[in-house]
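Participant: The structure's right below; bear with me while I get my questions together.
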Amino acid sequence: MSTSKPDPAAGDLAGKSVLVVGAGGLGCPAALALVEAGVGRVALADDDRVELTNLHRQVLYGESDVGRDKLDAALETLAHFAAPGQKLEAVRTRLLPENARALVRGFDLVLEGADNFATKFLAADACHLEARPLVHGAAVRLRATVWSVAPGGCPCYRCLFEDLPAGEAALTCAEAGVLGPVVGLAGALMADLALDVLTGSPRYGTLFTYDGLKDRFRAVPVEARPSCPLCGPRATISELDELCYTAVPSDDGPTIRGVQP
Ligand SMILES: [Zn+2]
């Protein structure tokens with residue numbers, strides 16, 4: 001992304017910690033890249049089991065892992081790539097309103113590779129309130145988006161998503177489908193942005209998109225939204241309210257009841 005990118009080895013990555021939220025198509029390649037780059041402590045948060053349909057994009061798992069806890073299989077694979085002294089941790093829960101702030105507080109950076117909007121908004125709010133840098137990623141069908149948010153910073157996730165998505169826009173990659181290389185590429189880009197933050201050269205506030213149909217990358221600046229309820233001057237979100245992150249089924253597909261701007 002830059003010709004002046006610092007050598008990750010030059011930073012103190014051994015002393016850094018990253019929480020990877022979601023051990024799926026984004027979290028798997030991202031965690032692998034972070035471990036191989038030498039990040040000292042990498043934790044994965046998830047509570048799913050490996051399914052056969054995961055395998056084309058969730059690169060830490062093989063056919064013999066189907067049915068196992070994702071974290072058992074993921075940490076087993078990552079251990080093959082870890083150097084002595086590197087710590088790999090399992091956080092055997094989803095990010096929830098009651099645990100999110102305490103969880104993210106324990107890490108230098110959070111990488112959010114969740115497959116649902118409730119978790120994405122929750123990670124955004126928790127990281128903002130705890131002043132932790134956050135790398136977001138999403139991949140659906142042939143499109144991927146990746147960007148990083150400064151600790152307690154602006155623009156934030158709620159600046160970008162003015163209204164909570166509904167219907168087709170809210171489909172997860174499992175529901176809408178995604179091409180394995182596209183989600184893998186997004187996960188690798190997330191790790192790249194995380195390393196930029198950890199080595200002191202963050203690219204906050206730029207949305208990187210990839211269109212797999214046209215094979216085209218774009219870098220788009222994200223504007224802060226003055227009415228943003230999380231980072232705006234009249235922000236209204238000061239705590240995590242359980243009711244704000246409850247998925248509500250609808251005829252059009254999953255929607256999220258959230259804090260309205
Ligand atoms: Zn905002």
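Letters A, B, ... mark the chains of the structure tokens in the order given; residue numbers begin at 1 per chain; ligand numbers begin at 1, in order shown.
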At a cut-off of 6 Å, can you tabulate as a tab-separated table every residue of chain A near ligand 1 together with its closest atom pair and the distance in Å to one decimal, using only C-alpha atoms and all ligand atoms and ordering rows by chain then number?

Facilitator:
```
residue	atom	partner	partner_atom_place_in_ligand_line	distance
A:Cys154	CA	ligand 1	1 (Zn)	5.4
A:Pro155	CA	ligand 1	1 (Zn)	4.8
A:Cys156	CA	ligand 1	1 (Zn)	3.9
A:Arg158	CA	ligand 1	1 (Zn)	4.7
A:Cys159	CA	ligand 1	1 (Zn)	3.8
A:Ala224	CA	ligand 1	1 (Zn)	5.9
A:Arg225	CA	ligand 1	1 (Zn)	6.0
A:Cys228	CA	ligand 1	1 (Zn)	4.6
A:Leu230	CA	ligand 1	1 (Zn)	5.1
A:Cys231	CA	ligand 1	1 (Zn)	4.2
A:Gly232	CA	ligand 1	1 (Zn)	5.8
```

Participant: Just write the chosen residues, C-alpha atoms, as a short mmCIF file (atom, residue, chain, number, x, y, z; two decimals), in the first residue's frame.

Facilitator:
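Result file is out-v3.cif:
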```cif
data_model
loop_
_atom_site.label_atom_id
_atom_site.label_comp_id
_atom_site.auth_asym_id
_atom_site.auth_seq_id
_atom_site.Cartn_x
_atom_site.Cartn_y
_atom_site.Cartn_z
CA CYS A 154 -12.85 9.47 14.01
CA PRO A 155 -13.96 8.41 11.41
CA CYS A 156 -15.34 5.24 12.94
CA ARG A 158 -20.65 4.19 12.58
CA CYS A 159 -19.51 7.11 10.43
CA ALA A 224 -16.13 11.63 9.66
CA ARG A 225 -19.85 12.17 10.11
CA CYS A 228 -22.10 10.08 14.34
CA LEU A 230 -20.13 7.11 18.52
CA CYS A 231 -17.42 9.64 17.61
CA GLY A 232 -19.33 12.84 16.79
#
```

Participant: Using DSSP assignments from the backbone, pull out every residue in segment 32-224 of chain A that falls under strand (DSSP E or B) and give it to me as a VMD selection string.

Facilitator: chain A and resid 41 to 45 49 69 87 to 91 109 to 112 134 to 141 143 to 149 178 206 to 211 216 to 221

Participant: Can you spit out the residues from that selection as a compact mmCIF listing (two decimals), in the first residue's frame, using C-alpha atoms?

Facilitator:
```
# COMPACT_ATOMS: atom_id res chain seq x y z
CA ARG A 41 0.53 -12.64 21.47
CA VAL A 42 -2.30 -13.57 19.14
CA ALA A 43 -5.71 -14.54 20.53
CA LEU A 44 -8.69 -15.83 18.54
CA ALA A 45 -12.27 -15.37 19.72
CA ARG A 49 -17.27 -25.59 14.96
CA ASP A 69 -14.07 -26.56 17.72
CA LYS A 87 1.73 -16.91 22.67
CA LEU A 88 -1.42 -18.24 21.01
CA GLU A 89 -4.65 -17.98 22.97
CA ALA A 90 -8.21 -19.24 22.61
CA VAL A 91 -11.06 -16.97 23.70
CA LEU A 109 -5.15 -3.98 18.64
CA VAL A 110 -8.38 -5.71 17.66
CA LEU A 111 -8.90 -7.26 14.24
CA GLU A 112 -12.60 -7.71 13.53
CA LEU A 134 -9.43 -1.60 15.28
CA VAL A 135 -9.08 -3.17 11.85
CA HIS A 136 -12.38 -4.01 10.17
CA GLY A 137 -12.81 -6.42 7.29
CA ALA A 138 -15.68 -7.75 5.22
CA ALA A 139 -15.99 -9.89 2.11
CA VAL A 140 -19.16 -10.87 0.33
CA ARG A 141 -19.36 -12.47 -3.11
CA ARG A 143 -16.07 -7.67 -3.09
CA ALA A 144 -13.90 -7.02 -0.07
CA THR A 145 -13.47 -3.96 2.14
CA VAL A 146 -10.80 -3.40 4.77
CA TRP A 147 -9.94 -0.36 6.87
CA SER A 148 -8.51 0.68 10.22
CA VAL A 149 -9.86 3.00 12.90
CA VAL A 178 -17.93 -15.50 -1.26
CA THR A 206 -8.81 4.98 4.35
CA LEU A 207 -11.17 2.30 3.08
CA PHE A 208 -9.42 -0.22 0.85
CA THR A 209 -11.76 -2.07 -1.48
CA TYR A 210 -11.20 -4.94 -3.88
CA ASP A 211 -13.54 -5.81 -6.73
CA ARG A 216 -9.50 -3.61 -9.15
CA PHE A 217 -8.24 -2.11 -5.89
CA ARG A 218 -9.35 1.29 -4.66
CA ALA A 219 -8.37 3.43 -1.67
CA VAL A 220 -11.17 5.75 -0.57
CA PRO A 221 -10.94 8.25 2.29
```

Participant: From a DSSP calculation on the backbone, collect every residue of segment 18-256 of chain A in helix (DSSP H, G or I) and output the set as an MDAnalysis selection string.

Facilitator: chainID A and resid 27:37 52:54 63:65 70:79 100:105 117:129 157:160 167:170 173:176 180:198 242:245

Participant: Using only C-alpha atoms, pick whichever of A:Pro151, A:Pro229, A:Gly62, A:Gly67 has the shortest atom-to-atom distance to Val104 of chain A.

Facilitator: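 Nearest to Val104 of chain A: A:Pro151.
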
Participant: Between A:Ala194, A:Val39, A:Val59, A:Val20, which is the closest to Pro84 of chain A once you count only C-alpha atoms?

Facilitator: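 Of the candidates, the smallest distance to Pro84 of chain A is held by A:Val39.
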
Participant: Hey, what's within 10 Å of Glu76 of chain A if we count only C-alpha atoms and toss same-chain stuff fewer than 5 positions away? As a compact mmCIF listing (two decimals) with C-alpha atoms, in the first residue's frame, please?

Facilitator:
```txt
# COMPACT_ATOMS: atom_id res chain seq x y z
CA LEU A 60 -6.43 -23.04 8.96
CA TYR A 61 -8.74 -26.07 8.71
CA LYS A 70 -12.58 -23.98 15.40
CA LEU A 71 -10.22 -22.71 18.04
CA PHE A 81 4.18 -21.42 12.42
CA LEU A 88 -1.42 -18.24 21.01
```

Participant: I'd like to know which of A:Leu19, A:Val50, A:Leu142, A:Leu95 is closest to Ala126 of chain A, using only C-alpha atoms.

Facilitator: A:Leu95

Participant: To one decimal place, how far is atom CA of Leu55 of chain A from atom CA of Met190 of chain A in Å?

Facilitator: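 Taking atom CA of Leu55 of chain A as the start and atom CA of Met190 of chain A as the end point, the length is 19.8 Å.
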
Participant: Which residues, written as a VMD selection string, have at least one atom at most 7 Å from Ala30 of chain A, with only C-alpha atoms counted and residues fewer than 6 positions away on the same chain left out?

Facilitator: chain A and resid 187 to 188 190 to 191

Participant: So how many Å separate atom CA of Leu34 of chain A and atom CA of Val18 of chain A, to one decimal?

Facilitator: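 About the pair atom CA of Leu34 of chain A and atom CA of Val18 of chain A: they are 8.4 Å apart.
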
Participant: Would you work out the distance separating atom CA of Gln58 of chain A from atom CA of Lys214 of chain A, expressed in Å to one decimal?

Facilitator: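 Atom-to-atom, atom CA of Gln58 of chain A to atom CA of Lys214 of chain A, that is 23.6 Å.
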
Participant: Write out as a ChimeraX atom specification which residues come within 7 Å of segment 121-124 of chain A when counting only C-alpha atoms, dropping same-chain ones fewer than 3 positions away.

Facilitator: /A:97,112,117-118,127-128,157,245
